[in-house]
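Shown next: final_18.tsv, containing TSV, C-alpha atoms and all ligand atoms.
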chain	number	residue	atom	x	y	z
A	248	MET	CA	50.24	153.21	97.96
A	249	LEU	CA	47.87	152.96	95.05
A	250	THR	CA	49.91	150.43	93.13
A	251	GLU	CA	49.79	147.94	96.00
A	252	GLU	CA	46.04	148.37	96.24
A	253	LEU	CA	45.69	147.74	92.54
A	254	LEU	CA	47.83	144.62	92.75
A	255	ASP	CA	45.13	143.12	94.93
A	256	LYS	CA	42.75	143.45	92.00
A	257	PRO	CA	42.32	140.19	90.18
A	258	LYS	CA	43.95	138.81	87.11
A	259	TYR	CA	46.00	141.52	85.47
A	260	LYS	CA	48.22	138.77	84.18
A	261	GLU	CA	45.39	137.52	82.01
A	262	ILE	CA	44.86	140.86	80.31
A	263	THR	CA	46.34	140.77	76.86
A	264	GLY	CA	44.19	143.36	75.14
A	265	VAL	CA	41.51	145.88	75.79
A	266	ASP	CA	37.80	145.07	75.47
A	267	ARG	CA	35.72	147.07	73.00
A	268	ARG	CA	32.17	147.38	74.22
A	269	THR	CA	29.03	148.85	72.70
A	270	ASN	CA	25.76	149.62	74.43
A	271	LEU	CA	27.21	148.72	77.82
A	272	SER	CA	24.79	149.27	80.71
A	273	GLN	CA	25.94	151.34	83.69
A	274	GLU	CA	25.77	148.21	85.85
A	275	GLU	CA	27.90	146.13	83.47
A	276	PHE	CA	30.37	149.00	83.16
A	277	LEU	CA	30.71	149.30	86.95
A	278	ASN	CA	30.90	145.57	87.66
A	279	GLU	CA	33.17	144.49	84.84
A	280	TYR	CA	35.55	147.43	84.50
A	281	VAL	CA	35.37	150.15	87.16
A	282	LYS	CA	35.33	147.77	90.14
A	283	ASN	CA	38.11	145.61	88.68
A	284	SER	CA	40.32	148.55	87.62
A	285	ARG	CA	40.31	147.35	84.03
A	286	PRO	CA	40.57	149.55	80.94
A	287	VAL	CA	37.80	149.48	78.37
A	288	VAL	CA	37.03	151.08	75.02
A	289	LEU	CA	33.45	152.28	74.66
A	290	THR	CA	32.61	152.50	70.98
A	291	ASP	CA	29.45	154.54	71.40
A	292	ALA	CA	29.87	156.70	74.54
A	293	ALA	CA	30.46	159.84	72.47
A	294	LYS	CA	28.15	159.10	69.56
A	295	ASP	CA	25.82	161.99	70.43
A	296	TRP	CA	28.55	164.57	71.04
A	297	LYS	CA	28.23	167.61	68.78
A	298	ALA	CA	32.05	167.59	68.63
A	299	MET	CA	31.91	164.51	66.40
A	300	LYS	CA	32.11	165.41	62.70
A	301	LYS	CA	32.22	169.12	63.68
A	302	PHE	CA	35.77	169.21	65.10
A	303	THR	CA	38.12	168.78	62.17
A	304	PRO	CA	41.55	170.36	61.65
A	305	ALA	CA	39.99	172.71	59.06
A	306	TRP	CA	37.30	173.79	61.53
A	307	PHE	CA	39.86	174.64	64.22
A	308	LYS	CA	41.95	176.53	61.67
A	309	GLU	CA	38.91	178.52	60.55
A	310	HIS	CA	37.73	179.45	64.05
A	311	TYR	CA	40.84	179.56	66.25
A	312	SER	CA	43.83	180.66	64.19
A	313	HIS	CA	44.39	183.50	66.67
A	314	ILE	CA	45.16	181.05	69.48
A	315	ASN	CA	48.80	180.38	70.36
A	316	LYS	CA	50.71	177.73	72.23
A	317	ASN	CA	54.36	177.64	73.10
A	318	ILE	CA	56.20	174.33	72.74
A	319	ASN	CA	59.87	174.18	73.72
A	320	GLY	CA	60.22	177.96	73.48
A	321	VAL	CA	58.57	178.31	70.06
A	322	ASN	CA	55.17	179.93	69.63
A	323	TYR	CA	52.77	178.23	67.22
A	324	ASN	CA	49.44	179.76	66.28
A	325	MET	CA	46.62	177.34	65.58
A	326	GLY	CA	46.54	178.06	61.84
A	327	ASP	CA	50.24	177.33	61.36
A	328	PHE	CA	50.08	174.34	63.68
A	329	ILE	CA	47.16	172.79	61.77
A	330	ASP	CA	49.20	173.07	58.54
A	331	MET	CA	52.11	171.35	60.33
A	332	MET	CA	49.99	168.57	61.78
A	333	LEU	CA	48.45	167.81	58.39
A	334	THR	CA	51.85	167.50	56.74
A	335	SER	CA	53.62	165.89	59.71
A	336	THR	CA	55.69	162.76	59.02
A	337	ALA	CA	57.49	160.20	61.16
A	338	GLU	CA	60.81	161.77	60.06
A	339	ASN	CA	59.68	165.34	60.62
A	340	PRO	CA	56.85	165.28	63.16
A	341	ALA	CA	54.81	168.31	64.18
A	342	PRO	CA	55.62	169.57	67.69
A	343	TYR	CA	53.73	167.81	70.48
A	344	PRO	CA	51.77	168.07	72.67
A	345	TYR	CA	49.63	170.86	71.21
A	346	ASN	CA	47.08	170.80	74.00
A	347	PHE	CA	44.62	173.19	75.63
A	348	ASN	CA	42.49	173.37	78.74
A	349	VAL	CA	39.00	173.46	77.22
A	350	GLU	CA	37.34	175.24	80.15
A	351	LYS	CA	39.89	178.06	79.96
A	352	VAL	CA	40.62	178.39	76.24
A	353	PHE	CA	37.44	177.11	74.59
A	354	PRO	CA	34.68	177.31	77.24
A	355	GLU	CA	32.13	177.68	74.43
A	356	LEU	CA	32.99	174.17	73.26
A	357	MET	CA	32.13	172.45	76.53
A	358	LYS	CA	28.55	171.86	75.35
A	359	ASP	CA	29.89	169.87	72.41
A	360	PHE	CA	31.16	167.12	74.72
A	361	LEU	CA	27.79	166.13	76.15
A	362	PRO	CA	26.49	163.83	77.46
A	363	GLU	CA	29.31	163.21	79.93
A	364	VAL	CA	30.75	159.76	80.46
A	365	ILE	CA	30.29	158.87	84.13
A	366	TYR	CA	33.17	156.70	85.35
A	367	GLY	CA	31.65	155.40	88.55
A	368	LYS	CA	28.29	155.65	90.24
A	369	ILE	CA	28.53	159.43	90.22
A	370	ASP	CA	30.76	162.01	88.53
A	371	ARG	CA	32.68	163.33	91.52
A	372	ILE	CA	34.34	166.13	89.56
A	373	ASN	CA	31.03	167.77	88.72
A	374	HIS	CA	29.35	166.85	92.01
A	375	LYS	CA	27.79	169.83	93.76
A	376	LEU	CA	29.80	169.15	96.93
A	377	MET	CA	33.10	169.07	95.05
A	378	PRO	CA	35.09	172.04	96.37
A	379	LYS	CA	36.25	174.07	93.34
A	380	LYS	CA	39.45	174.81	95.23
A	381	LEU	CA	40.39	171.14	95.03
A	382	LEU	CA	40.42	171.30	91.24
A	383	GLN	CA	42.32	174.58	90.98
A	384	GLY	CA	45.30	174.22	88.66
A	385	THR	CA	44.04	170.87	87.38
A	386	THR	CA	43.02	170.40	83.76
A	387	VAL	CA	39.88	168.29	83.65
A	388	TYR	CA	38.93	168.69	79.96
A	389	GLU	CA	41.85	168.87	77.56
A	390	ILE	CA	42.02	168.98	73.76
A	391	PHE	CA	45.09	167.46	72.10
A	392	LEU	CA	45.95	168.00	68.45
A	393	GLY	CA	48.70	165.97	66.83
A	394	GLY	CA	50.15	164.87	63.50
A	395	LYS	CA	51.69	161.69	62.15
A	396	GLY	CA	54.86	160.70	63.99
A	397	SER	CA	54.09	162.76	67.10
A	398	SER	CA	54.50	161.06	70.42
A	399	PHE	CA	54.99	161.64	74.09
A	400	PRO	CA	57.58	158.95	74.70
A	401	TYR	CA	57.52	158.75	78.49
A	402	LEU	CA	55.27	156.23	80.16
A	403	HIS	CA	53.35	157.69	83.06
A	404	TYR	CA	50.08	157.69	84.87
A	405	ASP	CA	48.15	160.87	85.26
A	406	ALA	CA	48.69	163.64	87.81
A	407	LEU	CA	46.85	163.55	91.14
A	408	PHE	CA	45.91	159.89	90.61
A	409	MET	CA	43.17	160.94	88.21
A	410	HIS	CA	41.61	158.20	86.09
A	411	THR	CA	41.90	158.81	82.38
A	412	GLN	CA	39.30	159.14	79.66
A	413	ILE	CA	40.33	159.80	76.06
A	414	THR	CA	37.92	160.22	73.16
A	415	GLN	CA	39.09	160.33	69.56
A	416	VAL	CA	37.10	163.20	68.12
A	417	TYR	CA	39.01	163.11	64.81
A	418	GLY	CA	41.40	160.47	63.51
A	419	SER	CA	42.92	157.61	65.50
A	420	LYS	CA	45.66	157.30	68.10
A	421	ASP	CA	47.82	154.35	69.19
A	422	PHE	CA	48.02	153.51	72.88
A	423	ILE	CA	50.75	151.65	74.68
A	424	MET	CA	49.72	150.56	78.17
A	425	TYR	CA	51.17	148.47	80.99
A	426	PRO	CA	49.13	147.26	83.98
A	427	PRO	CA	50.10	148.39	87.50
A	428	GLU	CA	51.70	145.02	88.29
A	429	GLN	CA	54.52	145.93	85.88
A	430	THR	CA	55.50	149.04	87.83
A	431	PRO	CA	58.96	147.65	88.76
A	432	SER	CA	59.75	147.35	85.02
A	433	MET	CA	58.80	150.99	84.47
A	434	TYR	CA	61.58	152.33	86.72
A	435	PRO	CA	59.59	155.25	88.12
A	436	PHE	CA	61.51	158.32	89.24
A	437	GLU	CA	62.07	158.25	92.97
A	438	ASP	CA	60.84	161.81	93.40
A	439	ASN	CA	58.08	161.45	90.76
A	440	PRO	CA	56.67	157.92	91.07
A	441	LYS	CA	53.97	158.43	88.43
A	442	PHE	CA	56.60	158.94	85.73
A	443	SER	CA	58.82	156.29	84.12
A	444	GLN	CA	62.47	156.99	83.42
A	445	VAL	CA	62.28	154.80	80.31
A	446	ASN	CA	61.91	156.37	76.88
A	447	PHE	CA	59.73	153.67	75.31
A	448	LEU	CA	60.71	154.72	71.77
A	449	ASP	CA	64.37	154.11	72.52
A	450	PRO	CA	64.71	152.25	75.82
A	451	ASP	CA	68.12	152.00	77.41
A	452	LEU	CA	67.99	148.30	78.32
A	453	GLU	CA	71.36	148.30	80.03
A	454	LYS	CA	70.11	150.86	82.48
A	455	PHE	CA	66.55	149.48	82.61
A	456	PRO	CA	66.88	145.71	81.98
A	457	LEU	CA	63.45	144.70	83.37
A	458	PHE	CA	61.76	146.83	80.73
A	459	ALA	CA	62.79	144.29	78.07
A	460	ALA	CA	60.42	141.71	79.53
A	461	ALA	CA	57.55	144.10	80.29
A	462	LYS	CA	54.43	143.21	78.31
A	463	PRO	CA	52.45	146.09	76.90
A	464	ILE	CA	48.90	146.18	75.63
A	465	ILE	CA	49.02	148.01	72.31
A	466	PHE	CA	45.94	149.06	70.39
A	467	THR	CA	44.54	151.79	68.18
A	468	LEU	CA	41.75	153.96	69.51
A	469	GLN	CA	39.63	154.74	66.47
A	470	GLU	CA	37.75	157.93	65.66
A	471	GLY	CA	34.58	158.08	67.76
A	472	GLU	CA	35.85	155.66	70.43
A	473	THR	CA	36.39	156.46	74.11
A	474	LEU	CA	39.04	154.79	76.25
A	475	LEU	CA	38.66	154.70	80.02
A	476	PHE	CA	41.30	153.37	82.35
A	477	PRO	CA	42.09	153.67	86.03
A	478	SER	CA	44.93	155.48	87.69
A	479	GLY	CA	47.97	153.27	88.06
A	480	TRP	CA	47.97	151.98	84.46
A	481	TRP	CA	51.14	153.14	82.74
A	482	HIS	CA	50.47	154.62	79.33
A	483	THR	CA	51.68	156.68	76.46
A	484	THR	CA	50.56	157.34	72.90
A	485	LYS	CA	51.85	157.40	69.37
A	486	ILE	CA	50.14	159.14	66.47
A	487	THR	CA	50.03	157.80	62.93
A	488	GLU	CA	47.59	160.25	61.33
A	489	PRO	CA	46.29	163.77	62.08
A	490	CYS	CA	44.12	163.49	65.15
A	491	ILE	CA	42.14	165.47	67.70
A	492	SER	CA	41.42	163.96	71.11
A	493	LEU	CA	39.52	165.04	74.16
A	494	GLY	CA	41.12	164.01	77.43
A	495	ARG	CA	38.99	164.05	80.54
A	496	ALA	CA	40.22	163.50	84.09
A	497	GLN	CA	37.91	161.36	86.19
A	498	LEU	CA	37.39	160.94	89.90
A	499	ASN	CA	35.38	158.19	91.56
A	500	GLY	CA	35.32	156.29	94.82
A	501	TYR	CA	38.43	154.33	93.88
A	502	ASN	CA	40.85	157.22	93.46
A	503	TRP	CA	39.28	159.81	95.75
A	504	ASP	CA	41.52	159.25	98.78
A	505	ASN	CA	44.68	159.15	96.68
A	506	PHE	CA	43.60	162.33	94.90
A	507	ILE	CA	42.92	164.18	98.16
A	508	ASN	CA	46.18	163.04	99.73
A	509	ASP	CA	48.22	163.93	96.66
A	510	ARG	CA	46.54	167.33	96.46
A	511	TYR	CA	47.46	167.90	100.07
A	512	VAL	CA	51.09	166.86	99.62
A	513	ASN	CA	51.44	169.15	96.56
A	514	TRP	CA	49.88	172.09	98.33
A	515	LYS	CA	51.86	171.62	101.48
A	516	LYS	CA	55.01	172.19	99.46
A	517	LYS	CA	53.67	175.50	98.14
A	518	ILE	CA	51.38	176.83	100.85
A	519	SER	CA	51.39	175.43	104.32
A	520	ILE	CA	48.42	177.45	105.58
A	521	GLY	CA	45.17	176.37	104.02
A	522	ALA	CA	46.28	172.95	102.89
A	523	LEU	CA	45.15	171.05	105.98
A	524	PRO	CA	41.55	172.36	106.14
A	525	VAL	CA	41.10	171.52	102.46
A	526	LEU	CA	42.40	168.01	103.10
A	527	ALA	CA	40.00	167.63	106.02
A	528	TYR	CA	37.09	168.97	103.97
A	529	GLY	CA	38.00	166.67	101.08
A	530	LYS	CA	37.85	163.64	103.40
A	531	VAL	CA	34.43	164.69	104.71
A	532	VAL	CA	33.08	165.24	101.20
A	533	GLY	CA	34.50	161.84	100.15
A	534	GLY	CA	32.64	160.22	103.05
A	535	ILE	CA	29.36	161.83	102.00
A	536	MET	CA	29.85	160.75	98.39
A	537	ASN	CA	30.65	157.20	99.54
A	538	ALA	CA	27.39	157.15	101.49
A	539	GLN	CA	25.48	158.43	98.45
A	540	GLU	CA	26.98	155.70	96.31
A	541	ARG	CA	26.01	152.90	98.64
A	601	FE	FE	48.39	160.54	80.52
Encoded form using structure tokens:
Amino acid sequence: MLTEELLDKPKYKEITGVDRRTNLSQEEFLNEYVKNSRPVVLTDAAKDWKAMKKFTPAWFKEHYSHINKNINGVNYNMGDFIDMMLTSTAENPAPYPYNFNVEKVFPELMKDFLPEVIYGKIDRINHKLMPKKLLQGTTVYEIFLGGKGSSFPYLHYDALFMHTQITQVYGSKDFIMYPPEQTPSMYPFEDNPKFSQVNFLDPDLEKFPLFAAAKPIIFTLQEGETLLFPSGWWHTTKITEPCISLGRAQLNGYNWDNFINDRYVNWKKKISIGALPVLAYGKVVGGIMNAQER
């Protein structure tokens, strides 16, 4: 179980905030954060992305008003949604999440998110041995647009044990995070252990009493900053101004086995034939990548 593995990592109890680092070398990044399963904000990882300064609400409205997304049974085109996100208030928030798989919906924008942030010694998602089949149905690059007052109130960690990378391309976003050691206070669903039953905006403390004593790390990710944190860290977000974020799922040596196993379990439920060879191949590829990283 991932959470137990993470509990062996040192000193979560001492973490009271998230470090903001600039000009961090790859070695420092690996030794101080990746190896210790600690979150970090990189202030300059996306400074050369073309997306910065280019991707504004007005720009999306101008270029993509024909694009639609359904939220809770209502269809919103990009133009109308942008108007809503710009006038969104805490009392009357724009619908959320207004999110898109970049590779599917905006493949032409992929070049605007370069250079990539590598969360580990190598980027396993874009590794040439990575079987495309393993990523089928998974969103790796995801754009989120949101307005003031929008929130996804359920604490969770990301599907398939992916690590999380979020870059604020426009505006800021508030993060609420809890380290893996506080999992008992999150009351995960029995049949969905990556998802908390607690609505953090309005927690039912009679039903979930341990949540009252859980200690979050709360901070604002500013425009231009990139947050990286490992699988197992509970998180959710709250938006206080119009914002555009790029989410990026990350795979490295620390979550590979959990990812492969979870993939297998999910597939086995849907298709029994074909799941096992992919699992076996995933383990072999993971072994080769481990050797390359040594
Ligand atoms: Fe998430």
| said: Please compute the CA of Gln429 in chain A-CA of Ile507 in chain A distance, one decimal, in Å. | reply: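 Interatomic distance here is 24.9 Å.
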| message | What's around Lys441 in chain A at 7 Å? Count only C-alpha atoms, leave out sequence neighbours fewer than 6 positions away in its own chain, and write the answer as a list in words. | response |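 The neighbour list is His403, Tyr404 and Pro435 of chain A.
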| field | Pick from A:Phe328, A:Tyr528, A:Phe466, A:Phe476 nearest to ligand FE 601 (chain A), counting all atoms listed in the file | value |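 Among A:Phe328, A:Tyr528, A:Phe466, A:Phe476, it is A:Phe476 that comes nearest to ligand FE 601 (chain A).
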| query | So what do you get for CA of Leu392 in chain A versus CA of Tyr343 in chain A, distance-wise? | reply |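 Pair CA of Leu392 in chain A / CA of Tyr343 in chain A returns 8.0 Å.
Proximity of A:Tyr511, A:Phe391, A:Phe360, A:Phe455 to ligand FE 601 (chain A), computed with only C-alpha atoms and all ligand atoms, is greatest for A:Phe391.
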| query | In Å, with one decimal, what is the gap from CA of Pro477 in chain A to CA of Gly500 in chain A? | reply | 11.4 Å
| Given all atoms listed in the file as the counted atoms, nearest of A:Ser443, A:Gly367, A:Pro463, A:Ile390 to Lys282 in chain A | A:Gly367
| field | All residues having an atom within 10 Å of ligand FE 601 (chain A) (all atoms listed in the file) as a ChimeraX atom specification | value | /A:399,401-406,409-413,441-442,478,480-484,494,496
| Can you tell me, as a PyMOL selection string, which residues sit within 12 Å of (48.8, 167.4, 94.3) in the file's frame, using all atoms listed in the file? | chain A and resi 380-385+405-409+439+441+504-518+522+525-526
Draw an axis-aligned box tight on the listed atoms of range 469-476 of chain A, then pad every side by 3 Å and write out centre and edge lengths in Å to one decimal as JSON.
{"center_x": 37.9, "center_y": 155.7, "center_z": 74.0, "size_x": 12.7, "size_y": 10.7, "size_z": 22.7}
| field | Among the residues A:His310, A:Ile491, A:Phe276, A:Ala527, the one that comes closest to Asn346 in chain A [using only C-alpha atoms] | value |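 Closest candidate: A:Ile491.
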